[in-house]
Every structure is written in structure tokens, then in C-alpha cells.
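Chemist: What follows is model12.txt, compact mmCIF, C-alpha atoms and all ligand atoms.
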```
# COMPACT_ATOMS: atom_id res chain seq x y z
CA SER A 20 -5.57 1.24 27.21
CA ASN A 21 -6.48 2.44 23.74
CA PRO A 22 -4.74 1.06 20.67
CA SER A 23 -1.86 3.29 19.60
CA LEU A 24 -1.33 4.92 16.26
CA LEU A 25 1.69 6.91 15.07
CA ILE A 26 0.89 9.42 12.34
CA LEU A 27 3.70 10.52 10.05
CA ALA A 28 2.10 12.95 7.61
CA GLY A 29 5.32 13.74 5.73
CA ASP A 30 5.59 16.17 2.83
CA GLY A 31 3.58 17.81 0.07
CA ILE A 32 -0.03 16.64 0.08
CA GLY A 33 0.77 14.17 2.92
CA PRO A 34 -0.31 16.60 5.69
CA GLU A 35 -3.32 17.74 3.63
CA VAL A 36 -4.80 14.27 3.20
CA MET A 37 -3.82 13.26 6.73
CA ALA A 38 -5.76 16.18 8.20
CA GLN A 39 -8.93 14.57 6.85
CA VAL A 40 -7.98 11.20 8.34
CA GLN A 41 -7.44 12.94 11.69
CA ARG A 42 -11.01 14.26 11.53
CA ILE A 43 -12.27 10.76 10.76
CA ILE A 44 -10.28 9.30 13.64
CA GLY A 45 -11.91 11.93 15.86
CA TRP A 46 -15.32 10.88 14.55
CA PHE A 47 -14.71 7.23 15.42
CA GLY A 48 -13.78 8.32 18.95
CA ASP A 49 -16.84 10.53 19.39
CA LYS A 50 -19.50 8.54 17.59
CA ARG A 51 -18.34 4.94 17.78
CA GLY A 52 -16.46 4.92 21.08
CA LEU A 53 -13.37 3.77 19.22
CA LYS A 54 -10.53 5.77 20.69
CA PHE A 55 -6.89 5.70 19.70
CA ASP A 56 -3.77 7.05 21.37
CA VAL A 57 -2.57 9.12 18.44
CA SER A 58 0.94 10.54 18.33
CA GLU A 59 2.35 12.57 15.47
CA ASP A 60 5.87 12.97 14.19
CA LEU A 61 7.93 13.94 11.18
CA VAL A 62 9.21 11.87 8.28
CA GLY A 63 10.89 12.62 4.96
CA GLY A 64 11.75 16.18 3.99
CA ALA A 65 9.91 17.54 7.02
CA ALA A 66 12.15 15.49 9.32
CA TYR A 67 15.22 16.48 7.32
CA ASP A 68 14.38 20.18 7.73
CA LYS A 69 14.18 19.82 11.50
CA HIS A 70 16.75 17.10 12.29
CA GLY A 71 18.99 16.80 9.22
CA VAL A 72 17.83 13.18 8.75
CA PRO A 73 14.66 11.87 7.05
CA LEU A 74 13.72 9.82 10.13
CA HIS A 75 14.86 10.60 13.67
CA ASP A 76 15.94 7.69 15.89
CA ASP A 77 13.24 8.61 18.42
CA THR A 78 10.60 8.38 15.67
CA MET A 79 11.97 5.00 14.61
CA ALA A 80 11.79 3.76 18.20
CA ARG A 81 8.21 5.01 18.54
CA ALA A 82 7.25 3.27 15.28
CA GLN A 83 8.49 -0.01 16.76
CA GLU A 84 6.28 0.39 19.84
CA VAL A 85 2.93 1.44 18.42
CA ASP A 86 0.18 -0.84 17.14
CA ALA A 87 0.23 0.80 13.71
CA VAL A 88 1.96 3.57 11.76
CA LEU A 89 0.00 5.66 9.27
CA LEU A 90 2.13 7.58 6.76
CA GLY A 91 1.14 10.29 4.26
CA ALA A 92 3.80 10.77 1.61
CA VAL A 93 7.42 11.88 1.42
CA GLY A 94 9.57 13.81 -1.02
CA GLY A 95 9.42 16.84 -3.22
CA PRO A 96 11.52 18.97 -5.57
CA LYS A 97 13.06 20.86 -2.65
CA TYR A 98 14.88 17.67 -1.66
CA ASP A 99 15.84 16.32 -5.07
CA GLU A 100 19.46 17.46 -4.83
CA LEU A 101 20.07 15.99 -1.37
CA ASP A 102 22.62 13.26 -0.85
CA PHE A 103 21.12 9.78 -1.29
CA SER A 104 21.73 8.94 2.38
CA VAL A 105 19.35 11.68 3.59
CA LYS A 106 16.78 11.70 0.80
CA PRO A 107 13.16 11.70 2.07
CA GLU A 108 12.56 8.20 0.64
CA ARG A 109 15.26 6.89 2.95
CA GLY A 110 13.00 7.65 5.91
CA LEU A 111 10.34 5.37 4.49
CA LEU A 112 12.85 2.69 3.54
CA ARG A 113 14.28 2.74 7.05
CA LEU A 114 10.82 2.20 8.55
CA ARG A 115 10.12 -0.73 6.23
CA LYS A 116 13.51 -2.30 6.83
CA GLU A 117 13.78 -1.92 10.61
CA MET A 118 10.18 -2.95 11.19
CA ASP A 119 10.90 -5.90 8.88
CA LEU A 120 7.69 -5.41 6.92
CA PHE A 121 7.79 -8.41 4.62
CA ALA A 122 4.23 -8.52 3.32
CA ASN A 123 3.03 -5.64 1.16
CA LEU A 124 -0.75 -5.58 0.70
CA ARG A 125 -2.02 -3.80 -2.37
CA PRO A 126 -5.80 -4.00 -2.79
CA ALA A 127 -7.32 -3.34 -6.18
CA GLN A 128 -10.90 -2.52 -5.44
CA CYS A 129 -13.20 -0.91 -7.95
CA PHE A 130 -15.80 1.52 -6.68
CA ASP A 131 -18.71 1.24 -9.07
CA ALA A 132 -19.05 5.00 -9.41
CA LEU A 133 -15.48 5.09 -10.76
CA ALA A 134 -15.69 2.10 -13.08
CA ASP A 135 -15.39 4.51 -16.03
CA PHE A 136 -11.88 5.34 -14.88
CA SER A 137 -10.61 1.84 -15.36
CA SER A 138 -8.40 1.06 -18.30
CA LEU A 139 -10.76 -1.90 -18.83
CA LYS A 140 -14.40 -2.17 -19.82
CA THR A 141 -16.80 -1.43 -16.98
CA GLU A 142 -18.24 -4.96 -16.83
CA LEU A 143 -14.78 -6.45 -16.37
CA VAL A 144 -14.06 -4.34 -13.28
CA SER A 145 -17.43 -3.58 -11.73
CA GLY A 146 -17.38 -5.14 -8.25
CA LEU A 147 -13.70 -5.98 -8.54
CA ASP A 148 -12.03 -6.64 -5.16
CA ILE A 149 -8.64 -8.30 -5.23
CA MET A 150 -5.67 -8.19 -2.90
CA ILE A 151 -2.10 -8.59 -4.08
CA VAL A 152 0.35 -9.68 -1.41
CA ARG A 153 3.89 -8.89 -2.50
CA GLU A 154 6.92 -10.22 -0.63
CA LEU A 155 8.77 -7.00 0.18
CA THR A 156 12.10 -7.66 1.88
CA SER A 157 13.88 -10.26 -0.23
CA GLY A 158 14.22 -11.55 -3.79
CA VAL A 159 16.09 -10.04 -6.69
CA TYR A 160 16.14 -6.49 -5.29
CA PHE A 161 18.30 -7.65 -2.38
CA GLY A 162 19.98 -10.96 -3.34
CA GLU A 163 23.77 -11.29 -3.46
CA PRO A 164 25.89 -11.27 -5.55
CA ARG A 165 24.86 -8.00 -7.10
CA GLY A 166 26.81 -5.33 -8.90
CA ILE A 167 28.39 -4.36 -12.19
CA PHE A 168 31.54 -6.39 -12.80
CA GLU A 169 34.25 -6.66 -15.41
CA GLU A 170 34.08 -9.91 -17.34
CA GLY A 171 36.58 -10.39 -20.11
CA ASN A 172 36.55 -7.19 -22.14
CA GLU A 173 33.09 -6.00 -21.13
CA ARG A 174 30.96 -5.31 -18.06
CA VAL A 175 28.19 -7.48 -16.68
CA GLY A 176 25.31 -6.34 -14.48
CA ILE A 177 24.24 -8.92 -11.92
CA ASN A 178 21.29 -9.30 -9.59
CA THR A 179 20.37 -12.49 -7.85
CA GLN A 180 16.90 -13.83 -7.15
CA ARG A 181 17.28 -15.52 -3.79
CA TYR A 182 14.53 -16.77 -1.51
CA THR A 183 14.82 -18.88 1.62
CA GLU A 184 12.02 -21.22 2.61
CA SER A 185 11.29 -19.17 5.70
CA GLU A 186 10.99 -15.97 3.67
CA ILE A 187 8.51 -17.59 1.30
CA GLU A 188 6.65 -19.17 4.21
CA ARG A 189 6.10 -16.08 6.35
CA GLY A 190 4.73 -14.13 3.41
CA ALA A 191 2.53 -17.08 2.46
CA ARG A 192 1.10 -17.24 5.98
CA ALA A 193 0.23 -13.55 5.80
CA ALA A 194 -1.47 -14.14 2.44
CA PHE A 195 -3.40 -17.21 3.65
CA ASP A 196 -4.50 -15.35 6.81
CA LEU A 197 -5.89 -12.64 4.54
CA ALA A 198 -7.60 -15.14 2.30
CA MET A 199 -9.35 -16.56 5.38
CA LYS A 200 -10.76 -13.08 6.11
CA ARG A 201 -11.85 -12.67 2.50
CA ASP A 202 -13.14 -15.05 -0.16
CA LYS A 203 -10.86 -17.97 0.83
CA ARG A 204 -9.14 -18.18 -2.55
CA LEU A 205 -5.41 -17.73 -3.08
CA CYS A 206 -3.48 -17.72 -6.35
CA SER A 207 0.30 -17.96 -6.07
CA MET A 208 2.31 -16.52 -8.96
CA GLU A 209 5.93 -17.33 -9.88
CA LYS A 210 7.84 -18.70 -12.85
CA ALA A 211 8.48 -22.26 -11.72
CA ASN A 212 8.91 -23.19 -15.37
CA VAL A 213 12.20 -21.29 -15.64
CA MET A 214 13.29 -20.29 -12.11
CA GLU A 215 14.56 -22.43 -9.22
CA SER A 216 13.21 -19.90 -6.73
CA GLY A 217 9.84 -20.38 -8.41
CA ILE A 218 9.95 -24.14 -7.90
CA LEU A 219 10.75 -23.66 -4.22
CA TRP A 220 8.06 -20.95 -3.98
CA ARG A 221 5.42 -23.35 -5.27
CA GLU A 222 6.52 -26.16 -2.92
CA VAL A 223 6.48 -23.93 0.14
CA VAL A 224 3.09 -22.43 -0.71
CA ASN A 225 1.68 -25.96 -1.03
CA GLU A 226 3.17 -26.87 2.37
CA VAL A 227 1.64 -23.81 4.05
CA ALA A 228 -1.68 -24.54 2.32
CA LYS A 229 -2.03 -27.72 4.42
CA ASP A 230 -2.60 -25.47 7.43
CA TYR A 231 -5.43 -23.68 5.60
CA PRO A 232 -7.64 -26.47 4.27
CA GLU A 233 -10.55 -24.06 3.71
CA VAL A 234 -8.57 -21.95 1.25
CA GLU A 235 -8.74 -22.94 -2.41
CA VAL A 236 -5.19 -22.69 -3.78
CA SER A 237 -4.10 -22.26 -7.37
CA HIS A 238 -0.76 -21.57 -9.05
CA MET A 239 -0.09 -19.47 -12.11
CA TYR A 240 3.01 -18.44 -14.02
CA ALA A 241 3.44 -14.72 -13.42
CA ASP A 242 3.41 -13.79 -17.10
CA ASN A 243 0.09 -15.56 -17.54
CA GLY A 244 -1.01 -13.85 -14.32
CA ALA A 245 -0.35 -10.47 -15.93
CA MET A 246 -2.50 -11.46 -18.90
CA GLN A 247 -5.29 -12.79 -16.70
CA LEU A 248 -5.26 -9.62 -14.59
CA VAL A 249 -6.22 -7.52 -17.58
CA ARG A 250 -8.35 -10.20 -19.28
CA ALA A 251 -10.57 -11.29 -16.39
CA PRO A 252 -9.43 -9.74 -13.10
CA LYS A 253 -12.50 -10.84 -11.14
CA GLN A 254 -11.27 -14.44 -11.17
CA PHE A 255 -8.83 -13.50 -8.36
CA ASP A 256 -9.24 -12.96 -4.63
CA VAL A 257 -5.78 -12.99 -2.99
CA ILE A 258 -2.64 -13.15 -5.15
CA TYR A 259 0.64 -14.04 -3.44
CA THR A 260 3.80 -13.26 -5.35
CA ASP A 261 7.46 -12.28 -4.99
CA ASN A 262 9.03 -8.85 -4.73
CA LEU A 263 9.77 -8.25 -8.42
CA PHE A 264 6.61 -9.77 -9.91
CA GLY A 265 4.57 -8.13 -7.15
CA ASP A 266 6.00 -4.71 -7.96
CA ILE A 267 4.88 -5.01 -11.56
CA LEU A 268 1.60 -6.88 -11.05
CA SER A 269 0.41 -4.50 -8.33
CA ASP A 270 1.03 -1.44 -10.51
CA CYS A 271 -0.81 -3.19 -13.32
CA ALA A 272 -3.73 -4.05 -11.02
CA ALA A 273 -3.83 -0.47 -9.75
CA MET A 274 -4.80 0.76 -13.19
CA LEU A 275 -7.78 -1.57 -13.22
CA THR A 276 -9.36 0.68 -10.64
CA GLY A 277 -8.64 4.20 -11.80
CA SER A 278 -6.99 7.03 -9.91
CA LEU A 279 -3.83 7.03 -7.82
CA GLY A 280 -5.83 9.15 -5.39
CA MET A 281 -7.93 6.11 -4.44
CA LEU A 282 -5.26 3.47 -3.76
CA PRO A 283 -4.33 2.42 -0.21
CA SER A 284 -1.64 -0.03 0.89
CA ALA A 285 -0.38 -1.81 3.96
CA SER A 286 2.94 -3.39 4.85
CA LEU A 287 2.87 -6.02 7.57
CA GLY A 288 5.60 -7.72 9.58
CA ALA A 289 5.78 -10.35 12.28
CA PRO A 290 3.23 -10.44 15.11
CA MET A 291 4.18 -8.42 18.20
CA ASP A 292 3.65 -9.57 21.80
CA ASN A 293 0.03 -8.43 21.64
CA GLY A 294 -0.59 -10.60 18.58
CA ARG A 295 -0.91 -7.64 16.22
CA PRO A 296 1.44 -7.56 13.25
CA LYS A 297 3.97 -4.75 12.92
CA ALA A 298 2.22 -2.53 10.43
CA LEU A 299 2.65 0.53 8.25
CA TYR A 300 -0.30 1.91 6.28
CA GLU A 301 0.13 4.45 3.48
CA PRO A 302 -1.47 5.61 0.26
CA VAL A 303 0.25 4.41 -2.90
CA HIS A 304 0.62 7.95 -4.22
CA GLY A 305 3.51 10.32 -3.51
CA SER A 306 3.65 13.91 -2.30
CA ALA A 307 2.16 15.33 -5.54
CA PRO A 308 4.21 18.56 -5.62
CA ASP A 309 2.22 19.74 -8.65
CA ILE A 310 -0.90 20.23 -6.50
CA ALA A 311 0.57 20.49 -2.98
CA GLY A 312 -0.67 23.43 -0.92
CA GLU A 313 -3.70 24.00 -3.14
CA GLY A 314 -6.27 21.93 -1.24
CA LYS A 315 -6.92 19.79 -4.32
CA ALA A 316 -5.61 16.42 -3.16
CA ASN A 317 -7.94 13.46 -2.92
CA PRO A 318 -7.80 12.19 0.68
CA CYS A 319 -9.50 8.85 -0.13
CA ALA A 320 -6.30 6.82 -0.59
CA CYS A 321 -5.14 7.87 2.87
CA VAL A 322 -8.63 7.37 4.36
CA LEU A 323 -8.78 3.87 2.85
CA SER A 324 -5.32 3.17 4.26
CA PHE A 325 -6.74 3.96 7.69
CA ALA A 326 -9.64 1.59 6.90
CA MET A 327 -7.04 -1.12 6.28
CA ALA A 328 -5.51 -0.30 9.67
CA LEU A 329 -8.91 -0.72 11.28
CA ARG A 330 -9.30 -4.12 9.63
CA TYR A 331 -5.81 -5.59 9.88
CA SER A 332 -4.29 -4.00 12.99
CA PHE A 333 -7.28 -3.25 15.18
CA ASN A 334 -9.62 -6.11 14.26
CA GLU A 335 -12.40 -3.63 13.53
CA GLY A 336 -13.53 -5.07 10.21
CA GLY A 337 -17.07 -3.78 10.73
CA GLU A 338 -15.84 -0.22 11.25
CA ALA A 339 -13.57 -0.57 8.22
CA ASP A 340 -16.62 -1.61 6.20
CA ARG A 341 -18.43 1.46 7.52
CA LEU A 342 -15.64 3.77 6.39
CA GLU A 343 -15.34 2.12 2.96
CA ALA A 344 -19.11 2.39 2.57
CA ALA A 345 -18.81 6.13 3.23
CA VAL A 346 -16.28 6.41 0.40
CA GLU A 347 -18.54 4.39 -1.88
CA LYS A 348 -21.57 6.55 -1.00
CA VAL A 349 -19.78 9.86 -1.47
CA LEU A 350 -18.51 8.79 -4.89
CA ALA A 351 -21.95 7.52 -5.87
CA ASP A 352 -23.33 10.93 -4.86
CA GLY A 353 -20.97 12.48 -7.39
CA VAL A 354 -18.64 14.19 -4.92
CA ARG A 355 -15.30 14.35 -6.73
CA THR A 356 -11.88 15.82 -6.20
CA GLY A 357 -10.16 17.02 -9.38
CA ASP A 358 -8.34 13.75 -10.04
CA LEU A 359 -11.73 11.97 -10.26
CA MET A 360 -13.32 14.34 -12.77
CA GLN A 361 -13.91 13.42 -16.38
CA ALA A 362 -13.21 16.12 -18.96
CA ASP A 363 -16.89 17.14 -19.02
CA GLY A 364 -17.42 16.78 -15.25
CA GLY A 365 -18.80 19.47 -12.93
CA THR A 366 -16.96 21.39 -10.22
CA PRO A 367 -14.36 19.51 -8.18
CA VAL A 368 -14.50 19.63 -4.38
CA SER A 369 -11.54 20.49 -2.20
CA THR A 370 -9.67 18.08 0.07
CA SER A 371 -11.55 19.29 3.14
CA GLU A 372 -14.91 19.24 1.34
CA MET A 373 -14.27 15.61 0.51
CA GLY A 374 -13.56 15.13 4.22
CA ASP A 375 -16.86 16.91 5.06
CA ALA A 376 -18.76 14.59 2.72
CA LEU A 377 -17.18 11.48 4.19
CA LEU A 378 -18.00 12.59 7.72
CA ALA A 379 -21.56 13.42 6.76
P1 LIG A 401 2.81 11.33 -7.16
O1 LIG A 401 2.05 10.14 -6.76
O2 LIG A 401 3.19 12.27 -6.08
O3 LIG A 401 1.97 12.14 -8.26
C1 LIG A 401 1.67 11.61 -9.55
C2 LIG A 401 0.47 12.38 -10.14
O4 LIG A 401 -0.73 11.95 -9.48
C3 LIG A 401 0.55 13.88 -9.94
O5 LIG A 401 0.02 14.52 -11.07
C4 LIG A 401 -0.30 14.13 -8.73
O6 LIG A 401 -0.89 15.40 -8.70
C5 LIG A 401 -1.36 13.04 -8.85
N1 LIG A 401 -1.81 12.61 -7.52
C6 LIG A 401 -1.14 11.79 -6.67
N2 LIG A 401 -1.83 11.64 -5.54
C7 LIG A 401 -2.95 12.34 -5.66
C8 LIG A 401 -4.07 12.59 -4.80
N3 LIG A 401 -4.16 12.04 -3.58
N4 LIG A 401 -5.06 13.38 -5.25
C9 LIG A 401 -4.99 13.93 -6.47
N5 LIG A 401 -3.97 13.76 -7.32
C10 LIG A 401 -2.96 12.97 -6.93
O7 LIG A 401 4.13 10.80 -7.91
P2 LIG A 401 5.36 11.64 -8.49
O8 LIG A 401 4.90 12.94 -9.07
O9 LIG A 401 6.10 10.69 -9.32
O10 LIG A 401 6.30 11.96 -7.23
C11 LIG A 401 6.25 13.17 -6.50
C12 LIG A 401 7.11 13.04 -5.26
O11 LIG A 401 6.58 12.04 -4.40
C13 LIG A 401 8.56 12.65 -5.56
O12 LIG A 401 9.40 13.33 -4.66
C14 LIG A 401 8.57 11.15 -5.26
O13 LIG A 401 9.85 10.72 -4.88
C15 LIG A 401 7.60 11.08 -4.11
N6 LIG A 401 6.95 9.77 -3.96
C16 LIG A 401 6.73 9.35 -2.69
C17 LIG A 401 6.07 8.18 -2.44
C18 LIG A 401 5.77 7.84 -1.03
O14 LIG A 401 5.85 8.67 -0.14
N7 LIG A 401 5.40 6.60 -0.76
C19 LIG A 401 5.60 7.31 -3.53
C20 LIG A 401 5.81 7.88 -4.85
C21 LIG A 401 6.47 9.06 -5.03
MG MG A 402 6.30 -0.08 -8.51
```
Now, as a test, write the supplied structure out as C-alpha cells.
Modeler:
Amino acid sequence: SNPSLLILAGDGIGPEVMAQVQRIIGWFGDKRGLKFDVSEDLVGGAAYDKHGVPLHDDTMARAQEVDAVLLGAVGGPKYDELDFSVKPERGLLRLRKEMDLFANLRPAQCFDALADFSSLKTELVSGLDIMIVRELTSGVYFGEPRGIFEEGNERVGINTQRYTESEIERGARAAFDLAMKRDKRLCSMEKANVMESGILWREVVNEVAKDYPEVEVSHMYADNGAMQLVRAPKQFDVIYTDNLFGDILSDCAAMLTGSLGMLPSASLGAPMDNGRPKALYEPVHGSAPDIAGEGKANPCACVLSFAMALRYSFNEGGEADRLEAAVEKVLADGVRTGDLMQADGGTPVSTSEMGDALLA
């Protein structure tokens, strides 16, 4: 049977960019004989409007069964006043939590035609291709004790950085597996100089490294890592880091490459019975209410998220290369949505025209 894909387009520009991915999926079926069993469902505000919850139980169950989930974006001003328990974001958080997606993959890849958009000099980012793997389900965002407590005559806010060996290890294995498919270099970032969890992190990464003798491993304090990312980002291939440092470092790395409209991501969990990891692919951007409904959104982030699905869920690295090459070519040809225009640039194309160009 064909590999299965659940599409959750969501809100705002989510359905607009996803429509272009649907066309591309159709193209792979027609022209490359690569067929998927695609099902579609609601998430976020769209699910709330229909079911009163941002993710229906049936959708959650389906997400657990399929080979990969591809999500557009959730949220929008219409839902800002909703109770926290039914906010659109909760739909996404529920997916991540129940699928136990512990490894968040954030590539920072610079398309040469967009090197001008980087916050760095062109020569520092031209050809840049790094992958940050952020541990997503543990660390200081989740550790107990947490809360605001009375202490003497004042309050104290407490969060706890807590990592078990197995949490560090499973993320490390995901990162090393990726390194094996890439340039076989992995840099682990923590603060072992001042944090116990950092000392353990470093030890566990070194243990896991023994199973990957081909991968060249290095360690860096995360603050130095931040400096190196903006000083000489091309020194990195895969970076493996914890939830908090990964949150910050991946946003920092994103700006090395330019527009939010170009950034894909993946979140992976444990392997299923068929050997494929549980997986959710989504653009980094949100629902962009300021341009939603106007046909202006850049579909590339969502298209590149599907390319990641091809590579990491469906073992179709060659087809992923093909799709990424299409993005590269279209940009080199000067086809640009509004977010990719410089002040003096020509006329922007629409979302569907960008889709046309990619298909062509
Ligand atoms: P946003 O990413 O939606 O938009 C930020 C800016 O980037 C806007 O000016 C937008 O027009 C532009 N932009 C984003 N994606 C673009 C694309 N593909 N093409 C062209 N321009 C693009 O972030 P914002 O405005 O902070 O949040 C808007 C809504 O999205 C909120 O409800 C927020 O909660 C939600 N959100 C959802 C996320 C998700 O579904 N994973 C992630 C971030 C925000
Ligand atoms: Mg962040």
C-alpha cells in the first residue's frame, strides 16, 4: 500500500500554502509514480469552529496511525479571546505531546538567490546548510518543581532544568542518524561549565557517539555556539542541543537565511512498527493574519516541509533533492512572493503562481 500522509492545513494562510503542496503531491504521483494515501482534517481554529476543540479525538487517532502529518499553521485574531484550553495552539501542542515528538529539526539552509536577505554578509552564508536538532519534550520548560512561590516576604519564580539519560540519548540518536545522512559532523551544545544537566548531556552524547564512529563529534558551550553561529555558521553541520538553548539558537539560525516564508521544520518521535519515526512536518511561520486570504503567502516553507517528509519519513532523499532544486531554480529565476522582494524589486507573484513555477 502507499505511504500515508495526514494533511492538517489549519488557519489563515495554512490552507493557501497547503493547496500548493497538494498540487506538488499530485505531481509526484503522476510524474514520478510516487503515490500517497492523503487524508485531510481540521486543526486549530478551523477545528474549533466545527467541533468546539482545536483537535478532535478522531484526528488525533488518525495522526497516530499515519506515516507522517503535514501541518499548515494555526491561530488568528478571531481566536485570541478563547479560553486557553481551546486555543488553536493547543491543537498543535496536543499533537506534539501525544505523538511524543522529542526531536525538533530546524534546518537553516541558504538559497544563494536569497543570500542578500541574510542578516550576515553574503560570503558567510552562501551555501550554508545546517540542521539544528532541538530536544522538544523535556528540560526547563517542563521540569518540576515549577511555579511562583512565597519565600520569606517576597515571591520566587522557579523552573527546573531536568534531563534524564534516556531523554538525552534518544534525541542524540536522532541527531546522529541525521548526521550520518548529511556531512557526518555533529556539534553538541550545552553549558557543562555551569549546569549539571550539561555535564550529563556531554557524557551521554559521548556514549552515543561510540555507536557512530564515522561521525566527527565536537562540544561547545551554548553561549559560544550563539557567537559562532553568527560569526562563521558554515563550520556546522548538525547541532544537537536542549529545549531552551535550541529554541533560541534555532531562531537565531533562522535569520541567517532570510525570510520566515522559506523555513521548514520537522518534529520526530520514536520509530513505529514499520521503522518510520512518528513525524510532524510544518513551516516555522504562523497563520499570517495580515496577509491571509489575499493569495500573497509564500508556499515555499510548507513545500520544503514536505521535502523533509520525503527525506525523513519516506526515504525518498532523491525526490526531496528534486523538490529543493525546484525551489532553488525558481528563486534563481527571480520568481518572488512579496516577502522575498527587496524594496526596489519587481512585481511579486501570487501563492498559486509560485506553485505554477515550482511545478514547471
Ligand atoms: P506569523 O509567522 O504568522 O507572521 C509573521 C510575519 O511574517 C507576518 O507579517 C506575516 O505576513 C509574515 N509571514 C509569515 N509567513 C509568511 C509566508 N509564508 N509568506 C509571506 N509572509 C509570511 O507570526 P505572527 O504574526 O506572530 O502570528 C500570527 C498567528 O499565527 C498568531 O495567531 C500565532 O499564534 C500563530 N502562530 C502559529 C504558529 C504555528 O501554527 N506553528 C507559529 C507562530 C505563530
Ligand atoms: Mg522560539
Chemist: Go ahead and compute the interatomic distance for CA of Ser138 in chain A and atom C13 of ligand LIG 401 (chain A), in Å to one decimal.
Modeler: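 Separation between CA of Ser138 in chain A and atom C13 of ligand LIG 401 (chain A): 24.2 Å.
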Chemist: Point out the residue among A:Val303, A:Ala194, A:Ala351, A:Ile44 with the least atom-to-atom distance to ligand MG 402 (chain A), counting only C-alpha atoms and all ligand atoms.
Modeler: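 Closest candidate: A:Val303.
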Chemist: Neighbours of ligand LIG 401 (chain A) within 10 Å, counting only C-alpha atoms and all ligand atoms, as a JSON list (two decimals) with C-alpha atoms, keeping the file's coordinate frame?
Modeler:
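As a result, out11.json now contains:
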```json
[["chain", "number", "residue", "atom", "x", "y", "z"],
["A", 28, "ALA", "CA", 2.10, 12.95, 7.61],
["A", 29, "GLY", "CA", 5.32, 13.74, 5.73],
["A", 30, "ASP", "CA", 5.59, 16.17, 2.83],
["A", 31, "GLY", "CA", 3.58, 17.81, 0.07],
["A", 32, "ILE", "CA", -0.03, 16.64, 0.08],
["A", 33, "GLY", "CA", 0.77, 14.17, 2.92],
["A", 35, "GLU", "CA", -3.32, 17.74, 3.63],
["A", 36, "VAL", "CA", -4.80, 14.27, 3.20],
["A", 62, "VAL", "CA", 9.21, 11.87, 8.28],
["A", 63, "GLY", "CA", 10.89, 12.62, 4.96],
["A", 64, "GLY", "CA", 11.75, 16.18, 3.99],
["A", 90, "LEU", "CA", 2.13, 7.58, 6.76],
["A", 91, "GLY", "CA", 1.14, 10.29, 4.26],
["A", 92, "ALA", "CA", 3.80, 10.77, 1.61],
["A", 93, "VAL", "CA", 7.42, 11.88, 1.42],
["A", 94, "GLY", "CA", 9.57, 13.81, -1.02],
["A", 95, "GLY", "CA", 9.42, 16.84, -3.22],
["A", 96, "PRO", "CA", 11.52, 18.97, -5.57],
["A", 97, "LYS", "CA", 13.06, 20.86, -2.65],
["A", 98, "TYR", "CA", 14.88, 17.67, -1.66],
["A", 99, "ASP", "CA", 15.84, 16.32, -5.07],
["A", 106, "LYS", "CA", 16.78, 11.70, 0.80],
["A", 107, "PRO", "CA", 13.16, 11.70, 2.07],
["A", 108, "GLU", "CA", 12.56, 8.20, 0.64],
["A", 110, "GLY", "CA", 13.00, 7.65, 5.91],
["A", 111, "LEU", "CA", 10.34, 5.37, 4.49],
["A", 112, "LEU", "CA", 12.85, 2.69, 3.54],
["A", 278, "SER", "CA", -6.99, 7.03, -9.91],
["A", 279, "LEU", "CA", -3.83, 7.03, -7.82],
["A", 280, "GLY", "CA", -5.83, 9.15, -5.39],
["A", 281, "MET", "CA", -7.93, 6.11, -4.44],
["A", 282, "LEU", "CA", -5.26, 3.47, -3.76],
["A", 284, "SER", "CA", -1.64, -0.03, 0.89],
["A", 301, "GLU", "CA", 0.13, 4.45, 3.48],
["A", 302, "PRO", "CA", -1.47, 5.61, 0.26],
["A", 303, "VAL", "CA", 0.25, 4.41, -2.90],
["A", 304, "HIS", "CA", 0.62, 7.95, -4.22],
["A", 305, "GLY", "CA", 3.51, 10.32, -3.51],
["A", 306, "SER", "CA", 3.65, 13.91, -2.30],
["A", 307, "ALA", "CA", 2.16, 15.33, -5.54],
["A", 308, "PRO", "CA", 4.21, 18.56, -5.62],
["A", 309, "ASP", "CA", 2.22, 19.74, -8.65],
["A", 310, "ILE", "CA", -0.90, 20.23, -6.50],
["A", 311, "ALA", "CA", 0.57, 20.49, -2.98],
["A", 314, "GLY", "CA", -6.27, 21.93, -1.24],
["A", 315, "LYS", "CA", -6.92, 19.79, -4.32],
["A", 316, "ALA", "CA", -5.61, 16.42, -3.16],
["A", 317, "ASN", "CA", -7.94, 13.46, -2.92],
["A", 318, "PRO", "CA", -7.80, 12.19, 0.68],
["A", 319, "CYS", "CA", -9.50, 8.85, -0.13],
["A", 320, "ALA", "CA", -6.30, 6.82, -0.59],
["A", 321, "CYS", "CA", -5.14, 7.87, 2.87],
["A", 356, "THR", "CA", -11.88, 15.82, -6.20],
["A", 357, "GLY", "CA", -10.16, 17.02, -9.38],
["A", 358, "ASP", "CA", -8.34, 13.75, -10.04],
["A", 359, "LEU", "CA", -11.73, 11.97, -10.26],
["A", 370, "THR", "CA", -9.67, 18.08, 0.07]]
```
Chemist: Write out as an MDAnalysis selection string which residues come within 8 Å of Leu263 in chain A when counting only C-alpha atoms, dropping same-chain ones fewer than 2 positions away.
Modeler: chainID A and resid 158:160 261 265:267
Chemist: Please measure the separation of CA of Ala376 in chain A and CA of Gly277 in chain A, giving the value in Å to one decimal.
Modeler: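 Computed distance, CA of Ala376 in chain A to CA of Gly277 in chain A, equals 20.5 Å.
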Chemist: How many Å separate CA of Asp86 in chain A from CA of Ser23 in chain A?
Modeler: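 Taking CA of Asp86 in chain A as the start and CA of Ser23 in chain A as the end point, the length is 5.2 Å.
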Chemist: My list of candidates is A:Val349, A:Val144, A:Arg51, A:Asn334. Which is closest to Arg250 in chain A when distances are computed with all atoms listed in the file?
Modeler: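 Smallest separation from Arg250 in chain A among the options: A:Val144.
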Chemist: Looking at only C-alpha atoms, which of A:Trp220, A:Phe168, A:Phe103, A:Phe325 is the one that sits closest to Glu186 in chain A?
Modeler: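 For Glu186 in chain A, the nearest of the given residues is A:Trp220.
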Chemist: Kindly extract all protein, DNA and RNA residues lying within 8 Å of the coordinates (-10.9, 19.0, 4.8) given in the file, considering only C-alpha atoms, and supply them as a PyMOL selection string.
Modeler: chain A and resi 35-36+38-39+369-375
Chemist: Nearest to ligand MG 402 (chain A): which of A:Lys54, A:Val234, A:Gly336, A:Asn123 is it, counting all atoms listed in the file?
Modeler: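 Looking only at the distances to ligand MG 402 (chain A), the closest residue turns out to be A:Asn123.
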Chemist: Could you work out an axis-aligned bounding box for all listed atoms of range 67-73 of chain A, with 3 Å added on each of the six sides, and give its centre and edge lengths in Å to one decimal, as lines of an AutoDock Vina configuration file?
Modeler:
```
center_x = 16.6
center_y = 16.0
center_z = 9.7
size_x = 10.8
size_y = 14.3
size_z = 11.2
```
Chemist: Between A:Val40, A:Ile151, A:Ile26, A:Ala379, which residue has the minimum interatomic distance to Thr260 in chain A, considering only C-alpha atoms?
Modeler: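 Closest residue, counting only C-alpha atoms: A:Ile151.
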Chemist: Which is closest to ligand MG 402 (chain A) among A:Arg125, A:Lys348, A:Gly337, A:Ile177, if we use only C-alpha atoms and all ligand atoms?
Modeler: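 Residue with the minimum atom-to-atom distance to ligand MG 402 (chain A): A:Arg125.
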